file upload36.pdb (PDB, C-alpha atoms)
ATOM      1  CA  MET A1416     -59.091  44.113 -50.805
ATOM      2  CA  LYS A1417     -55.676  42.344 -50.847
ATOM      3  CA  VAL A1418     -54.117  45.312 -49.042
ATOM      4  CA  ILE A1419     -56.811  45.261 -46.359
ATOM      5  CA  LEU A1420     -56.436  41.495 -45.849
ATOM      6  CA  ALA A1421     -52.645  41.739 -45.737
ATOM      7  CA  ALA A1422     -52.828  44.583 -43.206
ATOM      8  CA  PHE A1423     -55.388  42.650 -41.139
ATOM      9  CA  SER A1424     -53.193  39.536 -41.242
ATOM     10  CA  PHE A1425     -50.137  41.580 -40.270
ATOM     11  CA  LEU A1426     -51.993  43.181 -37.337
ATOM     12  CA  PHE A1427     -52.834  39.793 -35.869
ATOM     13  CA  LEU A1428     -49.331  38.521 -36.520
ATOM     14  CA  VAL A1429     -47.661  41.394 -34.671
ATOM     15  CA  THR A1430     -50.073  41.386 -31.753
ATOM     16  CA  GLY A1431     -49.563  37.687 -31.193
ATOM     17  CA  ALA A1432     -53.160  36.686 -31.890
ATOM     18  CA  THR A1433     -53.603  33.461 -33.805
ATOM     19  CA  LEU A1434     -56.573  34.268 -36.026
ATOM     20  CA  TYR A1435     -54.502  33.535 -39.140
ATOM     21  CA  ALA A1436     -52.777  30.186 -38.863
ATOM     22  CA  GLN A1437     -51.307  30.745 -42.323
ATOM     23  CA  PRO A1438     -49.181  33.901 -42.435
ATOM     24  CA  CYS A1439     -48.381  34.896 -45.957
ATOM     25  CA  LEU A1440     -44.997  35.478 -47.560
ATOM     26  CA  THR A1441     -44.323  38.717 -49.373
ATOM     27  CA  THR A1442     -42.890  38.481 -52.871
ATOM     28  CA  GLU A1443     -39.371  39.062 -51.524
ATOM     29  CA  GLU A1444     -39.803  36.483 -48.739
ATOM     30  CA  LYS A1445     -41.012  33.925 -51.290
ATOM     31  CA  LYS A1446     -38.002  34.788 -53.449
ATOM     32  CA  LEU A1447     -35.716  34.178 -50.450
ATOM     33  CA  TYR A1448     -37.379  30.823 -49.823
ATOM     34  CA  ASP A1449     -36.939  29.859 -53.490
ATOM     35  CA  LEU A1450     -33.271  30.929 -53.482
ATOM     36  CA  ILE A1451     -32.567  28.914 -50.331
ATOM     37  CA  MET A1452     -34.260  25.848 -51.808
ATOM     38  CA  ALA A1453     -32.300  26.219 -55.074
ATOM     39  CA  TYR A1454     -29.078  26.507 -53.060
ATOM     40  CA  ARG A1455     -29.970  23.390 -51.081
ATOM     41  CA  ARG A1456     -30.648  21.528 -54.364
ATOM     42  CA  THR A1457     -27.157  22.421 -55.617
ATOM     43  CA  ASN A1458     -25.886  20.717 -52.455
ATOM     44  CA  LYS A1459     -28.074  17.664 -53.142
ATOM     45  CA  LEU A1460     -30.355  18.422 -50.209
ATOM     46  CA  PRO A1461     -34.154  18.136 -50.161
ATOM     47  CA  ALA A1462     -36.500  21.095 -50.103
ATOM     48  CA  VAL A1463     -37.776  22.157 -46.695
ATOM     49  CA  PRO A1464     -41.538  22.749 -46.399
ATOM     50  CA  LEU A1465     -42.688  26.244 -45.485
ATOM     51  CA  SER A1466     -44.058  26.409 -41.958
ATOM     52  CA  ALA A1467     -46.827  28.788 -40.950
ATOM     53  CA  LYS A1468     -45.668  28.700 -37.322
ATOM     54  CA  LEU A1469     -41.997  29.350 -38.038
ATOM     55  CA  THR A1470     -42.951  32.067 -40.536
ATOM     56  CA  GLN A1471     -45.080  33.746 -37.888
ATOM     57  CA  VAL A1472     -42.093  33.704 -35.510
ATOM     58  CA  ALA A1473     -39.784  35.013 -38.259
ATOM     59  CA  LYS A1474     -42.119  37.883 -39.110
ATOM     60  CA  ALA A1475     -42.540  38.777 -35.442
ATOM     61  CA  HIS A1476     -38.786  38.761 -34.954
ATOM     62  CA  VAL A1477     -37.948  41.014 -37.908
ATOM     63  CA  GLN A1478     -40.519  43.487 -36.597
ATOM     64  CA  ASP A1479     -39.009  43.321 -33.117
ATOM     65  CA  LEU A1480     -35.506  43.762 -34.525
ATOM     66  CA  ASN A1481     -36.542  46.727 -36.680
ATOM     67  CA  LYS A1482     -38.284  48.498 -33.812
ATOM     68  CA  ASN A1483     -36.196  47.559 -30.794
ATOM     69  CA  TYR A1484     -32.790  46.063 -31.512
ATOM     70  CA  GLU A1485     -29.665  48.025 -30.654
ATOM     71  CA  ASP A1486     -26.274  46.396 -31.078
ATOM     72  CA  ASP A1487     -24.704  46.818 -27.643
ATOM     73  CA  ASN A1488     -21.876  44.306 -28.201
ATOM     74  CA  LYS A1489     -23.556  42.078 -25.620
ATOM     75  CA  CYS A1490     -26.841  40.835 -27.106
ATOM     76  CA  ASN A1491     -26.785  39.751 -30.760
ATOM     77  CA  MET A1492     -29.603  39.694 -33.329
ATOM     78  CA  HIS A1493     -31.011  36.412 -31.981
ATOM     79  CA  SER A1494     -32.137  38.376 -28.904
ATOM     80  CA  TRP A1495     -35.739  39.416 -28.265
ATOM     81  CA  SER A1496     -36.856  42.670 -26.666
ATOM     82  CA  LYS A1497     -39.177  43.066 -23.692
ATOM     83  CA  LYS A1498     -41.697  44.852 -25.945
ATOM     84  CA  GLY A1499     -43.763  41.911 -27.178
ATOM     85  CA  ASP A1500     -45.891  38.915 -26.258
ATOM     86  CA  TRP A1501     -42.836  36.813 -25.448
ATOM     87  CA  SER A1502     -40.226  36.607 -22.753
ATOM     88  CA  PRO A1503     -37.251  38.855 -23.481
ATOM     89  CA  CYS A1504     -33.841  37.314 -23.892
ATOM     90  CA  CYS A1505     -30.279  38.365 -24.537
ATOM     91  CA  TYR A1506     -28.537  35.921 -26.853
ATOM     92  CA  THR A1507     -24.867  36.417 -26.105
ATOM     93  CA  ARG A1508     -22.043  36.022 -28.591
ATOM     94  CA  ASP A1509     -20.693  32.998 -26.708
ATOM     95  CA  HIS A1510     -24.019  31.198 -27.345
ATOM     96  CA  ALA A1511     -24.462  30.622 -23.601
ATOM     97  CA  GLU A1512     -28.080  31.771 -23.890
ATOM     98  CA  ALA A1513     -28.914  29.814 -27.059
ATOM     99  CA  ALA A1514     -31.942  28.168 -25.466
ATOM    100  CA  CYS A1515     -33.694  31.540 -25.275
ATOM    101  CA  MET A1516     -33.743  31.571 -29.085
ATOM    102  CA  TRP A1517     -34.385  27.860 -29.601
ATOM    103  CA  ASN A1518     -37.524  28.058 -27.430
ATOM    104  CA  LYS A1519     -39.170  31.060 -29.123
ATOM    105  CA  PRO A1520     -41.225  29.041 -31.652
ATOM    106  CA  LYS A1521     -42.623  26.898 -28.839
ATOM    107  CA  GLU A1522     -43.284  29.938 -26.654
ATOM    108  CA  ILE A1523     -44.858  32.147 -29.323
ATOM    109  CA  VAL A1524     -46.811  29.756 -31.563
ATOM    110  CA  GLY A1525     -46.682  26.321 -29.937
ATOM    111  CA  TYR A1526     -44.277  24.801 -32.467
ATOM    112  CA  GLU A1527     -43.445  21.304 -31.210
ATOM    113  CA  GLY A1528     -39.657  21.432 -31.456
ATOM    114  CA  ASN A1529     -36.787  23.855 -31.145
ATOM    115  CA  GLY A1530     -36.236  26.539 -33.742
ATOM    116  CA  PHE A1531     -32.864  27.555 -35.122
ATOM    117  CA  GLU A1532     -32.540  31.040 -36.555
ATOM    118  CA  ILE A1533     -30.166  32.695 -38.961
ATOM    119  CA  ALA A1534     -30.325  36.492 -39.111
ATOM    120  CA  HIS A1535     -29.014  39.113 -41.511
ATOM    121  CA  TRP A1536     -28.829  42.910 -41.245
ATOM    122  CA  SER A1537     -27.946  45.633 -43.714
ATOM    123  CA  SER A1538     -28.187  49.374 -43.167
ATOM    124  CA  ALA A1539     -28.964  49.656 -46.894
ATOM    125  CA  GLY A1540     -31.959  47.350 -46.445
ATOM    126  CA  VAL A1541     -32.256  43.651 -47.091
ATOM    127  CA  ASN A1542     -33.518  41.643 -50.000
ATOM    128  CA  ALA A1543     -33.568  37.953 -50.832
ATOM    129  CA  LYS A1544     -30.376  37.869 -52.862
ATOM    130  CA  THR A1545     -28.189  39.883 -50.470
ATOM    131  CA  SER A1546     -29.516  37.984 -47.458
ATOM    132  CA  LEU A1547     -28.650  34.583 -48.898
ATOM    133  CA  SER A1548     -25.295  35.885 -50.100
ATOM    134  CA  GLY A1549     -24.520  37.165 -46.598
ATOM    135  CA  TRP A1550     -25.350  33.797 -45.047
ATOM    136  CA  GLN A1551     -23.350  31.918 -47.664
ATOM    137  CA  GLY A1552     -20.359  34.064 -46.710
ATOM    138  CA  SER A1553     -20.682  33.120 -43.034
ATOM    139  CA  ALA A1554     -19.474  29.611 -42.217
ATOM    140  CA  GLY A1555     -21.833  29.220 -39.260
ATOM    141  CA  HIS A1556     -24.955  30.440 -41.070
ATOM    142  CA  ASN A1557     -24.131  28.552 -44.247
ATOM    143  CA  ALA A1558     -23.765  25.347 -42.227
ATOM    144  CA  VAL A1559     -27.352  25.690 -40.966
ATOM    145  CA  ILE A1560     -28.711  26.160 -44.489
ATOM    146  CA  ILE A1561     -26.848  23.211 -46.010
ATOM    147  CA  ASN A1562     -26.783  20.892 -42.999
ATOM    148  CA  SER A1563     -23.021  20.756 -42.620
ATOM    149  CA  GLY A1564     -20.729  20.788 -39.598
ATOM    150  CA  ILE A1565     -22.652  20.457 -36.350
ATOM    151  CA  TRP A1566     -25.901  20.511 -38.384
ATOM    152  CA  LYS A1567     -25.067  17.537 -40.637
ATOM    153  CA  ASP A1568     -27.327  15.121 -38.752
ATOM    154  CA  MET A1569     -30.310  17.487 -38.649
ATOM    155  CA  GLN A1570     -33.119  16.996 -41.111
ATOM    156  CA  TRP A1571     -34.996  20.243 -41.553
ATOM    157  CA  LYS A1572     -38.730  19.574 -41.839
ATOM    158  CA  ALA A1573     -39.926  23.157 -41.498
ATOM    159  CA  ILE A1574     -38.721  26.617 -42.451
ATOM    160  CA  GLY A1575     -40.048  30.102 -41.756
ATOM    161  CA  ILE A1576     -39.062  33.316 -43.520
ATOM    162  CA  GLY A1577     -39.250  36.946 -42.389
ATOM    163  CA  LEU A1578     -37.772  39.876 -44.282
ATOM    164  CA  ASP A1579     -38.472  43.542 -43.679
ATOM    165  CA  SER A1580     -36.531  46.778 -43.921
ATOM    166  CA  GLU A1581     -33.022  46.167 -42.539
ATOM    167  CA  TYR A1582     -33.449  42.604 -41.247
ATOM    168  CA  SER A1583     -34.083  39.149 -42.598
ATOM    169  CA  VAL A1584     -34.394  35.984 -40.548
ATOM    170  CA  VAL A1585     -34.946  32.351 -41.405
ATOM    171  CA  TRP A1586     -36.023  29.756 -38.871
ATOM    172  CA  PHE A1587     -35.338  26.053 -39.325
ATOM    173  CA  GLY A1588     -36.967  23.227 -37.400
ATOM    174  CA  ALA A1589     -36.692  19.453 -37.291
ATOM    175  CA  GLU A1590     -40.400  18.995 -36.544
ATOM    176  CA  SER A1591     -43.030  19.132 -39.280
ATOM    177  CA  ASP A1592     -45.703  21.824 -39.224
ATOM    178  CA  VAL A1593     -49.045  20.789 -40.698
ATOM    179  CA  GLU A1594     -49.860  24.412 -41.552
ATOM    180  CA  THR A1595     -47.926  25.915 -44.429
ATOM    181  CA  ALA A1596     -47.235  29.559 -45.137
ATOM    182  CA  VAL A1597     -48.813  30.894 -48.319
ATOM    183  CA  SER A1598     -47.982  33.684 -50.746
ATOM    184  CA  CYS A1599     -49.586  37.061 -50.017
ATOM    185  CA  ASN A1600     -50.145  37.686 -53.740
TER     186      ASN A1600
END
call {"tool": "encode", "arguments": {"input": "upload36.pdb", "output": "structure tokens"}}
result
Amino acid sequence: MKVILAAFSFLFLVTGATLYAQPCLTTEEKKLYDLIMAYRRTNKLPAVPLSAKLTQVAKAHVQDLNKNYEDDNKCNMHSWSKKGDWSPCCYTRDHAEAACMWNKPKEIVGYEGNGFEIAHWSSAGVNAKTSLSGWQGSAGHNAVIINSGIWKDMQWKAIGIGLDSEYSVVWFGAESDVETAVSCN
């Protein structure tokens, strides 16, 4: 029964329908969330509540990346293909098109504020530990997680997690989400 419900939930998530307001986290996604929160605690930062809306966007994006992303040295992993229920966008390395990423949570699930994504890829496949390690080794991504640099004045009030196959993404938002993501298990 759990498998059927998870598959049913996933079907609605990928097709953009909103039957399930509470997407569930896989065991590995929950582990990633826990690792990020532990890392934030070591930096004396508060936990960030799980967001159903940002998790739905994260899960949609890892699926889009797995199926459609090709590194063309123009559009980076924050880009979205034209093969979904969203407007496509090419997020360039100079960040000139950053708004196309920031607006995705509003466009896809009606999240009230902007979303800020960190993304990780590995040809060997991703997991919670290697994803966090990769972000910790990147000054820009690490700054988002621990609110340093240009992010020091942001207070994250929502987080969404998506991890599948070769990609993991985490979305941060400064607006609260009344719906929380739940564990699939």
call {"tool": "closest_residue", "arguments": {"input": "upload36.pdb", "among": "A:Gln1471, A:Ser1466, A:Ser1583, A:Ser1591", "to": "Glu1522 of chain A", "atoms": "only C-alpha atoms"}}
result
A:Gln1471
call {"tool": "atom_distance", "arguments": {"input": "upload36.pdb", "atom1": "atom CA of Ser1538 of chain A", "atom2": "atom CA of Asn1481 of chain A"}}
result
10.9 Å
call {"tool": "resolve_selection", "arguments": {"input": "upload36.pdb", "expression": "the PyMOL selection byres ((chain A and resi 1573) around 6)", "output": "PyMOL selection string"}}
result
chain A and resi 1463-1466+1571-1572+1574+1587-1588+1591
call {"tool": "closest_residue", "arguments": {"input": "upload36.pdb", "among": "A:Gln1570, A:Ile1560, A:Met1516, A:Val1524", "to": "Asp1500 of chain A", "atoms": "all atoms listed in the file"}}
result
A:Val1524
call {"tool": "residues_around", "arguments": {"input": "upload36.pdb", "residues": "Ser1546 of chain A", "least_positions_apart": "5", "cutoff": "8 Å", "atoms": "only C-alpha atoms", "output": "list of chain:residue names"}}
result
A:Leu1447, A:His1535, A:Trp1536, A:Val1541, A:Ser1583
call {"tool": "write_last_selection", "arguments": {"input": "upload36.pdb", "atoms": "C-alpha atoms", "output": "PDB file, in the coordinates of the input"}}
result
ATOM      1  CA  LEU A1447     -35.716  34.178 -50.450  1.00  0.00           C
ATOM      2  CA  HIS A1535     -29.014  39.113 -41.511  1.00  0.00           C
ATOM      3  CA  TRP A1536     -28.829  42.910 -41.245  1.00  0.00           C
ATOM      4  CA  VAL A1541     -32.256  43.651 -47.091  1.00  0.00           C
ATOM      5  CA  SER A1583     -34.083  39.149 -42.598  1.00  0.00           C
TER       6      SER A1583
END
call {"tool": "resolve_selection", "arguments": {"input": "upload36.pdb", "expression": "the PyMOL selection byres ((chain A and resi 1562) around 12)", "output": "PDB file with C-alpha atoms, in the coordinates of the input"}}
result
ATOM      1  CA  TYR A1454     -29.078  26.507 -53.060  1.00  0.00           C
ATOM      2  CA  ARG A1455     -29.970  23.390 -51.081  1.00  0.00           C
ATOM      3  CA  ASN A1458     -25.886  20.717 -52.455  1.00  0.00           C
ATOM      4  CA  LYS A1459     -28.074  17.664 -53.142  1.00  0.00           C
ATOM      5  CA  LEU A1460     -30.355  18.422 -50.209  1.00  0.00           C
ATOM      6  CA  PRO A1461     -34.154  18.136 -50.161  1.00  0.00           C
ATOM      7  CA  VAL A1463     -37.776  22.157 -46.695  1.00  0.00           C
ATOM      8  CA  PHE A1531     -32.864  27.555 -35.122  1.00  0.00           C
ATOM      9  CA  ALA A1554     -19.474  29.611 -42.217  1.00  0.00           C
ATOM     10  CA  GLY A1555     -21.833  29.220 -39.260  1.00  0.00           C
ATOM     11  CA  HIS A1556     -24.955  30.440 -41.070  1.00  0.00           C
ATOM     12  CA  ASN A1557     -24.131  28.552 -44.247  1.00  0.00           C
ATOM     13  CA  ALA A1558     -23.765  25.347 -42.227  1.00  0.00           C
ATOM     14  CA  VAL A1559     -27.352  25.690 -40.966  1.00  0.00           C
ATOM     15  CA  ILE A1560     -28.711  26.160 -44.489  1.00  0.00           C
ATOM     16  CA  ILE A1561     -26.848  23.211 -46.010  1.00  0.00           C
ATOM     17  CA  SER A1563     -23.021  20.756 -42.620  1.00  0.00           C
ATOM     18  CA  GLY A1564     -20.729  20.788 -39.598  1.00  0.00           C
ATOM     19  CA  ILE A1565     -22.652  20.457 -36.350  1.00  0.00           C
ATOM     20  CA  TRP A1566     -25.901  20.511 -38.384  1.00  0.00           C
ATOM     21  CA  LYS A1567     -25.067  17.537 -40.637  1.00  0.00           C
ATOM     22  CA  ASP A1568     -27.327  15.121 -38.752  1.00  0.00           C
ATOM     23  CA  MET A1569     -30.310  17.487 -38.649  1.00  0.00           C
ATOM     24  CA  GLN A1570     -33.119  16.996 -41.111  1.00  0.00           C
ATOM     25  CA  TRP A1571     -34.996  20.243 -41.553  1.00  0.00           C
ATOM     26  CA  PHE A1587     -35.338  26.053 -39.325  1.00  0.00           C
ATOM     27  CA  GLY A1588     -36.967  23.227 -37.400  1.00  0.00           C
ATOM     28  CA  ALA A1589     -36.692  19.453 -37.291  1.00  0.00           C
TER      29      ALA A1589
END
call {"tool": "residues_around", "arguments": {"input": "upload36.pdb", "residues": "Ala1514 of chain A", "least_positions_apart": "2", "cutoff": "10 Å", "atoms": "only C-alpha atoms", "output": "list of chain:residue names"}}
result
A:Cys1504, A:Tyr1506, A:His1510, A:Ala1511, A:Glu1512, A:Met1516, A:Trp1517, A:Asn1518, A:Lys1519, A:Asn1529, A:Gly1530, A:Phe1531
call {"tool": "closest_residue", "arguments": {"input": "upload36.pdb", "among": "A:Cys1515, A:Asn1542, A:Cys1490, A:Gly1575", "to": "Thr1442 of chain A", "atoms": "only C-alpha atoms"}}
result
A:Asn1542
call {"tool": "atom_distance", "arguments": {"input": "upload36.pdb", "atom1": "atom CA of Val1585 of chain A", "atom2": "atom CA of Glu1527 of chain A"}}
result
17.3 Å
call {"tool": "atom_distance", "arguments": {"input": "upload36.pdb", "atom1": "atom CA of Trp1586 of chain A", "atom2": "atom CA of Ala1473 of chain A"}}
result
6.5 Å
call {"tool": "resolve_selection", "arguments": {"input": "upload36.pdb", "expression": "the PyMOL selection byres ((chain A and resi 1501) around 9)", "output": "list of chain:residue names"}}
result
A:Gly1431, A:Trp1495, A:Ser1496, A:Lys1497, A:Lys1498, A:Gly1499, A:Asp1500, A:Ser1502, A:Pro1503, A:Lys1519, A:Glu1522, A:Ile1523
call {"tool": "axis_aligned_box", "arguments": {"input": "upload36.pdb", "around": "segment 1591-1598 of chain A", "padding_each_side": "3 Å", "output": "lines of an AutoDock Vina configuration file"}}
result
center_x = -46.4
center_y = 26.4
center_z = -45.0
size_x = 12.8
size_y = 20.6
size_z = 17.5
call {"tool": "closest_residue", "arguments": {"input": "upload36.pdb", "among": "A:Leu1440, A:Cys1505, A:Asp1449, A:Ala1475", "to": "Asp1487 of chain A", "atoms": "all atoms listed in the file"}}
result
A:Cys1505
